[in-house]
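Have a look at protein-v7.pdb below; it lists PDB, C-alpha atoms.
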ATOM      1  CA  MET A  25      93.313  14.820 103.483
ATOM      2  CA  ALA A  26      94.682  13.801 100.124
ATOM      3  CA  ARG A  27      91.870  12.100  98.294
ATOM      4  CA  ASN A  28      93.038  13.192  94.862
ATOM      5  CA  ARG A  29      96.295  11.293  95.401
ATOM      6  CA  VAL A  30      94.503   7.965  95.196
ATOM      7  CA  ARG A  31      94.448   7.056  91.534
ATOM      8  CA  VAL A  32      94.502   3.275  91.409
ATOM      9  CA  ARG A  33      91.215   1.950  90.033
ATOM     10  CA  PHE A  34      89.263  -1.022  91.346
ATOM     11  CA  PRO A  35      86.201  -1.222  89.093
ATOM     12  CA  SER A  36      84.870  -4.362  90.772
ATOM     13  CA  LEU A  37      84.133  -2.434  93.961
ATOM     14  CA  ALA A  38      81.939   0.301  92.528
ATOM     15  CA  ALA A  39      78.731  -1.626  91.899
ATOM     16  CA  PRO A  40      78.717  -3.639  95.151
ATOM     17  CA  LEU A  41      79.356  -0.534  97.235
ATOM     18  CA  LEU A  42      76.617   1.486  95.561
ATOM     19  CA  ALA A  43      74.202  -1.397  95.905
ATOM     20  CA  LEU A  44      74.830  -1.546  99.626
ATOM     21  CA  THR A  45      74.322   2.155 100.229
ATOM     22  CA  ALA A  46      70.522   1.899 100.343
ATOM     23  CA  ALA A  47      70.593  -0.972 102.812
ATOM     24  CA  LEU A  48      72.910   0.929 105.102
ATOM     25  CA  ALA A  49      70.714   3.996 104.887
ATOM     26  CA  LEU A  50      67.776   1.920 106.112
ATOM     27  CA  THR A  51      69.881   0.551 108.956
ATOM     28  CA  ALA A  52      70.984   4.028 109.933
ATOM     29  CA  GLY A  53      67.375   5.209 109.874
ATOM     30  CA  CYS A  54      66.246   2.437 112.196
ATOM     31  CA  GLY A  55      68.951   3.305 114.687
ATOM     32  CA  SER A  56      68.734   7.077 114.544
ATOM     33  CA  SER A  57      67.426   7.511 118.101
ATOM     34  CA  ASP A  58      70.224   5.338 119.524
ATOM     35  CA  ALA A  59      72.819   7.321 117.622
ATOM     36  CA  SER A  60      71.549  10.586 119.072
ATOM     37  CA  ASP A  61      71.646   9.105 122.591
ATOM     38  CA  SER A  62      75.320   8.176 122.187
ATOM     39  CA  SER A  63      76.341  11.685 121.153
ATOM     40  CA  SER A  64      78.318  13.792 123.599
ATOM     41  CA  GLY A  65      75.782  16.566 123.001
ATOM     42  CA  ASP A  66      78.468  19.224 122.515
ATOM     43  CA  GLY A  67      79.262  18.690 118.864
ATOM     44  CA  GLY A  68      82.134  16.358 119.689
ATOM     45  CA  HIS A  69      82.562  12.671 118.995
ATOM     46  CA  PRO A  70      79.965  10.147 120.215
ATOM     47  CA  HIS A  71      80.573   7.364 122.738
ATOM     48  CA  ASP A  72      81.357   9.681 125.690
ATOM     49  CA  GLY A  73      83.842  11.693 123.672
ATOM     50  CA  ALA A  74      86.025   8.736 122.669
ATOM     51  CA  PRO A  75      86.501   8.581 118.897
ATOM     52  CA  VAL A  76      85.396   5.518 116.962
ATOM     53  CA  VAL A  77      88.185   4.678 114.531
ATOM     54  CA  VAL A  78      87.815   2.359 111.549
ATOM     55  CA  VAL A  79      91.053   1.283 109.882
ATOM     56  CA  THR A  80      91.648  -0.629 106.694
ATOM     57  CA  THR A  81      94.370  -2.931 108.115
ATOM     58  CA  THR A  82      96.064  -3.863 111.374
ATOM     59  CA  TRP A  83      98.958  -1.583 110.442
ATOM     60  CA  GLU A  84      96.806   1.552 110.576
ATOM     61  CA  GLY A  85      95.089   0.000 113.586
ATOM     62  CA  ALA A  86      98.368  -0.250 115.477
ATOM     63  CA  PHE A  87      99.165   3.394 114.768
ATOM     64  CA  ALA A  88      95.677   4.375 115.965
ATOM     65  CA  LYS A  89      96.014   2.302 119.135
ATOM     66  CA  ALA A  90      99.474   3.704 119.852
ATOM     67  CA  ALA A  91      97.984   7.189 119.467
ATOM     68  CA  GLY A  92      95.423   6.412 122.173
ATOM     69  CA  ALA A  93      92.341   5.242 120.270
ATOM     70  CA  LYS A  94      90.365   2.675 122.264
ATOM     71  CA  ASP A  95      87.554   1.767 119.862
ATOM     72  CA  VAL A  96      89.364   0.537 116.739
ATOM     73  CA  LYS A  97      87.689  -1.612 114.081
ATOM     74  CA  VAL A  98      89.780  -3.306 111.379
ATOM     75  CA  ILE A  99      88.264  -3.928 107.937
ATOM     76  CA  VAL A 100      90.821  -6.106 106.143
ATOM     77  CA  PRO A 101      91.498  -9.458 107.873
ATOM     78  CA  GLN A 102      95.089 -10.097 108.895
ATOM     79  CA  SER A 103      95.157 -13.140 106.614
ATOM     80  CA  VAL A 104      94.960 -10.894 103.537
ATOM     81  CA  GLN A 105      98.549 -10.209 102.539
ATOM     82  CA  HIS A 106      97.784  -7.494  99.973
ATOM     83  CA  ALA A 107      95.152  -5.109 101.290
ATOM     84  CA  PRO A 108      94.025  -3.631  97.921
ATOM     85  CA  ASP A 109      92.899  -7.124  96.889
ATOM     86  CA  TYR A 110      90.230  -7.206  99.597
ATOM     87  CA  ASP A 111      86.529  -6.872  98.700
ATOM     88  CA  PRO A 112      84.632  -5.072 101.495
ATOM     89  CA  LYS A 113      81.545  -6.722 102.988
ATOM     90  CA  PRO A 114      78.275  -5.078 104.120
ATOM     91  CA  SER A 115      79.470  -5.316 107.742
ATOM     92  CA  ASP A 116      82.533  -3.289 106.789
ATOM     93  CA  LEU A 117      80.341  -0.499 105.468
ATOM     94  CA  ALA A 118      78.181  -0.637 108.579
ATOM     95  CA  ALA A 119      81.278  -0.105 110.725
ATOM     96  CA  VAL A 120      82.327   2.875 108.624
ATOM     97  CA  ALA A 121      78.855   4.392 108.946
ATOM     98  CA  ASP A 122      79.380   4.682 112.712
ATOM     99  CA  ALA A 123      82.973   5.925 112.587
ATOM    100  CA  ASP A 124      84.459   9.269 113.521
ATOM    101  CA  PHE A 125      87.689   8.575 111.624
ATOM    102  CA  VAL A 126      88.570   6.231 108.779
ATOM    103  CA  LEU A 127      92.305   5.563 108.477
ATOM    104  CA  TYR A 128      93.793   4.329 105.222
ATOM    105  CA  ALA A 129      97.042   4.281 103.232
ATOM    106  CA  PRO A 130      97.554   5.674  99.709
ATOM    107  CA  PHE A 131      97.899   2.169  98.259
ATOM    108  CA  GLU A 132      94.398   1.278  99.557
ATOM    109  CA  PRO A 133      92.224   3.282  97.136
ATOM    110  CA  TYR A 134      88.919   1.750  98.150
ATOM    111  CA  ALA A 135      88.887   3.543 101.528
ATOM    112  CA  GLU A 136      87.210   6.667 100.184
ATOM    113  CA  LYS A 137      84.718   4.591  98.203
ATOM    114  CA  ILE A 138      83.833   2.674 101.372
ATOM    115  CA  LYS A 139      83.192   5.897 103.246
ATOM    116  CA  GLU A 140      81.116   7.437 100.460
ATOM    117  CA  ALA A 141      79.017   4.314  99.949
ATOM    118  CA  ALA A 142      78.322   4.091 103.664
ATOM    119  CA  GLY A 143      77.167   7.706 103.787
ATOM    120  CA  SER A 144      79.523   8.327 106.688
ATOM    121  CA  ASP A 145      80.452  11.699 108.139
ATOM    122  CA  ALA A 146      83.773  10.230 109.242
ATOM    123  CA  GLU A 147      86.982  12.114 108.638
ATOM    124  CA  LEU A 148      89.111  10.252 106.122
ATOM    125  CA  VAL A 149      92.745  10.236 107.292
ATOM    126  CA  GLU A 150      95.677   9.148 105.162
ATOM    127  CA  VAL A 151      98.312   7.423 107.298
ATOM    128  CA  ASN A 152     102.016   7.315 106.521
ATOM    129  CA  LEU A 153     102.624   3.595 107.008
ATOM    130  CA  ASP A 154     106.345   3.494 107.697
ATOM    131  CA  ASN A 155     107.920   1.704 110.644
ATOM    132  CA  ASP A 156     110.952   3.962 110.553
ATOM    133  CA  ALA A 157     111.280   5.002 114.203
ATOM    134  CA  ASP A 158     111.233   8.754 113.584
ATOM    135  CA  LYS A 159     108.349   8.586 111.118
ATOM    136  CA  ALA A 160     106.321   6.233 113.323
ATOM    137  CA  THR A 161     106.607   8.410 116.430
ATOM    138  CA  ALA A 162     105.747  11.523 114.406
ATOM    139  CA  GLU A 163     102.666   9.812 112.954
ATOM    140  CA  VAL A 164     101.515   8.620 116.377
ATOM    141  CA  ALA A 165     101.863  12.175 117.696
ATOM    142  CA  ARG A 166      99.859  13.536 114.745
ATOM    143  CA  LEU A 167      97.061  11.021 115.245
ATOM    144  CA  GLY A 168      97.017  11.630 118.993
ATOM    145  CA  LYS A 169      96.447  15.330 118.378
ATOM    146  CA  LEU A 170      93.735  14.513 115.831
ATOM    147  CA  PHE A 171      91.961  12.134 118.235
ATOM    148  CA  GLY A 172      92.431  14.380 121.271
ATOM    149  CA  THR A 173      94.485  11.658 122.981
ATOM    150  CA  GLN A 174      97.860  13.417 123.152
ATOM    151  CA  ASP A 175      98.697  12.124 126.641
ATOM    152  CA  ALA A 176      98.236   8.487 125.615
ATOM    153  CA  ALA A 177     100.292   9.066 122.476
ATOM    154  CA  ALA A 178     103.094  10.646 124.508
ATOM    155  CA  THR A 179     103.100   7.700 126.923
ATOM    156  CA  TRP A 180     103.402   5.253 124.021
ATOM    157  CA  GLN A 181     106.210   7.286 122.468
ATOM    158  CA  LYS A 182     108.194   7.153 125.711
ATOM    159  CA  THR A 183     107.796   3.370 125.969
ATOM    160  CA  PHE A 184     108.644   2.916 122.308
ATOM    161  CA  LYS A 185     111.821   5.008 122.449
ATOM    162  CA  THR A 186     113.080   3.043 125.464
ATOM    163  CA  GLN A 187     112.404  -0.348 123.884
ATOM    164  CA  TYR A 188     113.759   0.741 120.501
ATOM    165  CA  ALA A 189     117.033   1.886 122.077
ATOM    166  CA  ASP A 190     117.314  -1.454 123.905
ATOM    167  CA  LEU A 191     116.856  -3.364 120.653
ATOM    168  CA  GLN A 192     119.448  -1.213 118.916
ATOM    169  CA  ARG A 193     121.987  -2.011 121.628
ATOM    170  CA  GLU A 194     121.245  -5.723 121.398
ATOM    171  CA  LEU A 195     121.634  -5.736 117.636
ATOM    172  CA  LYS A 196     124.870  -3.752 117.718
ATOM    173  CA  ALA A 197     126.272  -6.283 120.179
ATOM    174  CA  ALA A 198     125.348  -9.019 117.668
ATOM    175  CA  TRP A 199     127.219  -7.482 114.706
ATOM    176  CA  PRO A 200     129.445 -10.143 113.125
ATOM    177  CA  GLY A 201     133.037  -9.401 114.121
ATOM    178  CA  GLY A 202     131.870  -6.172 115.764
ATOM    179  CA  LYS A 203     131.248  -4.545 112.372
ATOM    180  CA  ALA A 204     127.936  -3.289 110.964
ATOM    181  CA  PRO A 205     126.728  -5.785 108.352
ATOM    182  CA  ALA A 206     126.285  -4.710 104.728
ATOM    183  CA  VAL A 207     122.677  -5.209 103.649
ATOM    184  CA  VAL A 208     120.417  -4.898 100.648
ATOM    185  CA  THR A 209     116.866  -4.057 101.638
ATOM    186  CA  GLN A 210     113.457  -3.874 100.030
ATOM    187  CA  VAL A 211     112.327  -0.240 100.083
ATOM    188  CA  PHE A 212     109.544  -0.890 102.612
ATOM    189  CA  THR A 213     111.800  -2.733 105.080
ATOM    190  CA  ALA A 214     114.610  -0.172 105.228
ATOM    191  CA  TRP A 215     113.427   0.693 108.740
ATOM    192  CA  SER A 216     114.719  -2.670 109.972
ATOM    193  CA  ALA A 217     118.178  -1.931 108.558
ATOM    194  CA  LYS A 218     118.157   1.316 110.519
ATOM    195  CA  LEU A 219     117.114  -0.582 113.641
ATOM    196  CA  ALA A 220     120.087  -2.903 113.220
ATOM    197  CA  GLY A 221     122.501  -0.072 112.481
ATOM    198  CA  ALA A 222     123.375  -1.906 109.261
ATOM    199  CA  GLU A 223     125.189  -0.434 106.282
ATOM    200  CA  VAL A 224     122.672  -0.243 103.428
ATOM    201  CA  VAL A 225     124.556  -0.880 100.185
ATOM    202  CA  GLY A 226     121.492  -1.116  97.960
ATOM    203  CA  THR A 227     117.706  -1.198  97.791
ATOM    204  CA  TYR A 228     115.155  -2.854  95.532
ATOM    205  CA  GLY A 229     111.422  -3.001  94.939
ATOM    206  CA  PRO A 230     108.588  -2.707  95.091
ATOM    207  CA  GLU A 231     108.890  -3.995  91.528
ATOM    208  CA  ALA A 232     110.668  -7.291  90.837
ATOM    209  CA  VAL A 233     114.454  -7.129  90.610
ATOM    210  CA  THR A 234     115.685  -6.714  87.046
ATOM    211  CA  ALA A 235     118.705  -8.515  85.606
ATOM    212  CA  LYS A 236     120.804  -5.357  85.864
ATOM    213  CA  GLN A 237     119.730  -4.762  89.466
ATOM    214  CA  LEU A 238     120.577  -8.355  90.281
ATOM    215  CA  SER A 239     124.069  -7.879  88.911
ATOM    216  CA  ASP A 240     124.594  -4.506  90.578
ATOM    217  CA  LEU A 241     123.275  -5.570  93.980
ATOM    218  CA  SER A 242     125.199  -8.839  93.979
ATOM    219  CA  ALA A 243     128.397  -6.902  93.245
ATOM    220  CA  LYS A 244     127.911  -5.030  96.539
ATOM    221  CA  LYS A 245     128.491  -8.355  98.338
ATOM    222  CA  PRO A 246     125.853  -7.872 101.052
ATOM    223  CA  ALA A 247     125.826 -10.158 104.057
ATOM    224  CA  LEU A 248     122.038  -9.877 104.393
ATOM    225  CA  VAL A 249     119.021  -9.233 102.174
ATOM    226  CA  LEU A 250     116.043  -7.777 104.046
ATOM    227  CA  ASP A 251     112.907  -8.981 102.280
ATOM    228  CA  ASN A 252     109.375  -7.659 102.693
ATOM    229  CA  ALA A 253     107.305 -10.651 103.840
ATOM    230  CA  HIS A 254     104.149  -9.091 102.378
ATOM    231  CA  MET A 255     105.579  -8.498  98.901
ATOM    232  CA  SER A 256     108.162 -11.240  98.591
ATOM    233  CA  THR A 257     109.211 -12.427  95.142
ATOM    234  CA  GLY A 258     111.300 -15.308  96.452
ATOM    235  CA  THR A 259     115.064 -15.355  96.739
ATOM    236  CA  VAL A 260     116.271 -11.909  95.719
ATOM    237  CA  LEU A 261     119.999 -12.510  95.165
ATOM    238  CA  PRO A 262     120.268 -16.272  94.639
ATOM    239  CA  ASP A 263     123.964 -16.312  93.755
ATOM    240  CA  ALA A 264     125.272 -13.598  96.086
ATOM    241  CA  GLY A 265     125.750 -15.798  99.129
ATOM    242  CA  ALA A 266     123.705 -13.365 101.239
ATOM    243  CA  LYS A 267     121.338 -14.584 103.938
ATOM    244  CA  GLN A 268     117.772 -13.460 103.257
ATOM    245  CA  VAL A 269     115.768 -12.191 106.239
ATOM    246  CA  LYS A 270     111.976 -12.001 106.196
ATOM    247  CA  ILE A 271     110.746  -8.738 107.709
ATOM    248  CA  VAL A 272     107.071  -8.388 108.689
ATOM    249  CA  ASN A 273     105.567  -4.900 108.641
ATOM    250  CA  PHE A 274     102.014  -5.630 109.778
ATOM    251  CA  PRO A 275     101.128  -6.028 113.485
ATOM    252  CA  GLY A 276      98.909  -8.843 114.749
ATOM    253  CA  LYS A 277      95.296  -8.829 115.856
ATOM    254  CA  ASP A 278      96.260  -7.188 119.142
ATOM    255  CA  LEU A 279      97.192  -4.057 117.147
ATOM    256  CA  ASP A 280     100.443  -3.752 119.080
ATOM    257  CA  LEU A 281     103.208  -2.124 117.037
ATOM    258  CA  LEU A 282     106.052  -2.919 119.437
ATOM    259  CA  PRO A 283     106.244  -6.682 118.670
ATOM    260  CA  VAL A 284     106.902  -5.788 115.004
ATOM    261  CA  TYR A 285     110.228  -4.295 116.085
ATOM    262  CA  ARG A 286     111.011  -7.094 118.525
ATOM    263  CA  ASP A 287     110.296  -9.758 115.927
ATOM    264  CA  ALA A 288     112.437  -7.978 113.342
ATOM    265  CA  ALA A 289     115.276  -7.679 115.847
ATOM    266  CA  SER A 290     115.040 -11.378 116.641
ATOM    267  CA  ALA A 291     115.165 -12.328 112.952
ATOM    268  CA  LEU A 292     118.107  -9.989 112.354
ATOM    269  CA  LYS A 293     120.053 -11.342 115.336
ATOM    270  CA  SER A 294     119.611 -14.911 114.099
ATOM    271  CA  ALA A 295     120.693 -13.936 110.601
ATOM    272  CA  MET A 296     123.760 -12.071 111.832
ATOM    273  CA  ALA A 297     124.775 -15.019 113.975
ATOM    274  CA  GLY A 298     124.571 -17.221 110.880
ATOM    275  CA  ALA A 299     126.596 -14.717 108.862
ATOM    276  CA  ALA A 300     129.423 -14.521 111.381
TER     277      ALA A 300
END
Translate this structure into structure tokens?
Amino acid sequence: MARNRVRVRFPSLAAPLLALTAALALTAGCGSSDASDSSSGDGGHPHDGAPVVVVTTTWEGAFAKAAGAKDVKVIVPQSVQHAPDYDPKPSDLAAVADADFVLYAPFEPYAEKIKEAAGSDAELVEVNLDNDADKATAEVARLGKLFGTQDAAATWQKTFKTQYADLQRELKAAWPGGKAPAVVTQVFTAWSAKLAGAEVVGTYGPEAVTAKQLSDLSAKKPALVLDNAHMSTGTVLPDAGAKQVKIVNFPGKDLDLLPVYRDAASALKSAMAGAA
């Protein structure tokens, strides 16, 4: 765990979380006999050995589900575009209090505060949220080992690799003129450029593009600009003649990671057809 890596401060959360700690303690006390009944009795996780996983967003949730977790609770609603802006509710803390694992990303600094305020014994797990195929499969394998669900994780990896290869073939067949398109990509959507087999001629973000970057990136004459839908600052290269493609990183409520790749492939195919 890497708690000391989280340095962003959210002062507004401290008081509400501390105020809720006492209420959650009372709730836990009232349900202590039920909690002991649900334990496996061998020092393992409760709920018949299946881990209870609380995640900050659907992105971590999708990684947990891919790794084989069955009982996954998401704290931040899908409608919240920027997770660190979310203010946890008492029900969020109650969910954490019953968790075996709490999954979070480094840019979500309130995760540890949520766990501490809830008095949870959950293991806090930092997740590498990157949809790059190699990094995603490695993270799923790591979580599967952590959860004790290696077989489920391996099954997902096999399905993912097959579908990913299919999408790569489809996108290569859609290259304009049979040549890999030149693209500029936001740093957190570079995985989609890799999926398309595109030639990355420049990157930007997460900060806004400066005047110099605008000039330098435009000079690369990209056919496509891959924009992060969750951190968009509008048209990135307005005078470059490049087609901007919105790439979505976060999965939906079903916590299925595979549609993220299919949706990106669909958007890229449409953009490449328009750039032909």
Would you translate the PyMOL selection byres ((chain A and resi 211) around 6) into the concrete set of residues it matches in this file, as a PDB file with C-alpha atoms, in the frame of the given file?
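Output (selection.pdb):
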ATOM      1  CA  GLN A 210     113.457  -3.874 100.030  1.00  0.00           C
ATOM      2  CA  PHE A 212     109.544  -0.890 102.612  1.00  0.00           C
ATOM      3  CA  THR A 213     111.800  -2.733 105.080  1.00  0.00           C
ATOM      4  CA  ALA A 214     114.610  -0.172 105.228  1.00  0.00           C
ATOM      5  CA  THR A 227     117.706  -1.198  97.791  1.00  0.00           C
ATOM      6  CA  TYR A 228     115.155  -2.854  95.532  1.00  0.00           C
ATOM      7  CA  GLY A 229     111.422  -3.001  94.939  1.00  0.00           C
TER       8      GLY A 229
END
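Going from atom CA of Ala86 of chain A to atom CA of Thr209 of chain A covers 23.4 Å.
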Could you list the residues chosen by the PyMOL selection byres ((chain A and resi 192) around 12) in this structure as a PyMOL selection string?
chain A and resi 157+185-191+193-199+204+215-222+285-286+288-290+292-293
Kindly save the residues from that selection, with C-alpha atoms included, as a CSV table (one decimal), in the coordinates of the input.
chain,number,residue,atom,x,y,z
A,157,ALA,CA,111.3,5.0,114.2
A,185,LYS,CA,111.8,5.0,122.4
A,186,THR,CA,113.1,3.0,125.5
A,187,GLN,CA,112.4,-0.3,123.9
A,188,TYR,CA,113.8,0.7,120.5
A,189,ALA,CA,117.0,1.9,122.1
A,190,ASP,CA,117.3,-1.5,123.9
A,191,LEU,CA,116.9,-3.4,120.7
A,193,ARG,CA,122.0,-2.0,121.6
A,194,GLU,CA,121.2,-5.7,121.4
A,195,LEU,CA,121.6,-5.7,117.6
A,196,LYS,CA,124.9,-3.8,117.7
A,197,ALA,CA,126.3,-6.3,120.2
A,198,ALA,CA,125.3,-9.0,117.7
A,199,TRP,CA,127.2,-7.5,114.7
A,204,ALA,CA,127.9,-3.3,111.0
A,215,TRP,CA,113.4,0.7,108.7
A,216,SER,CA,114.7,-2.7,110.0
A,217,ALA,CA,118.2,-1.9,108.6
A,218,LYS,CA,118.2,1.3,110.5
A,219,LEU,CA,117.1,-0.6,113.6
A,220,ALA,CA,120.1,-2.9,113.2
A,221,GLY,CA,122.5,-0.1,112.5
A,222,ALA,CA,123.4,-1.9,109.3
A,285,TYR,CA,110.2,-4.3,116.1
A,286,ARG,CA,111.0,-7.1,118.5
A,288,ALA,CA,112.4,-8.0,113.3
A,289,ALA,CA,115.3,-7.7,115.8
A,290,SER,CA,115.0,-11.4,116.6
A,292,LEU,CA,118.1,-10.0,112.4
A,293,LYS,CA,120.1,-11.3,115.3
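The coordinates place atom CA of Val78 of chain A at 14.0 Å from atom CA of Lys113 of chain A.
You can rank A:Ala121, A:Val207, A:Leu153, A:Met296 by their closest distance to Asn273 of chain A using only C-alpha atoms, and at the top of that list sits A:Leu153.
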Counting all atoms listed in the file, which residue out of A:Ala142, A:Pro130, A:Val76, A:Asn152 sits closest to Ser115 of chain A?
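Of all the options, A:Ala142 lies closest to Ser115 of chain A.
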Tell me, as a ChimeraX atom specification, which residues lie within 7 Å of segment 234-247 of chain A, counting all atoms listed in the file; anything in the same chain fewer than 4 positions away does not count.
/A:205-208,225-226,261,264,266-267,299
In Å, with one decimal, what is the gap from atom CA of Val284 of chain A to atom CA of Tyr134 of chain A?
25.8 Å
Might you pull out every residue within 10 Å of segment 164-176 of chain A, with only C-alpha atoms counted and same-chain residues fewer than 2 positions away left off, and present them as a PyMOL selection string?
chain A and resi 69+73-77+86-94+124-125+127+149+151-152+159-162+178-181
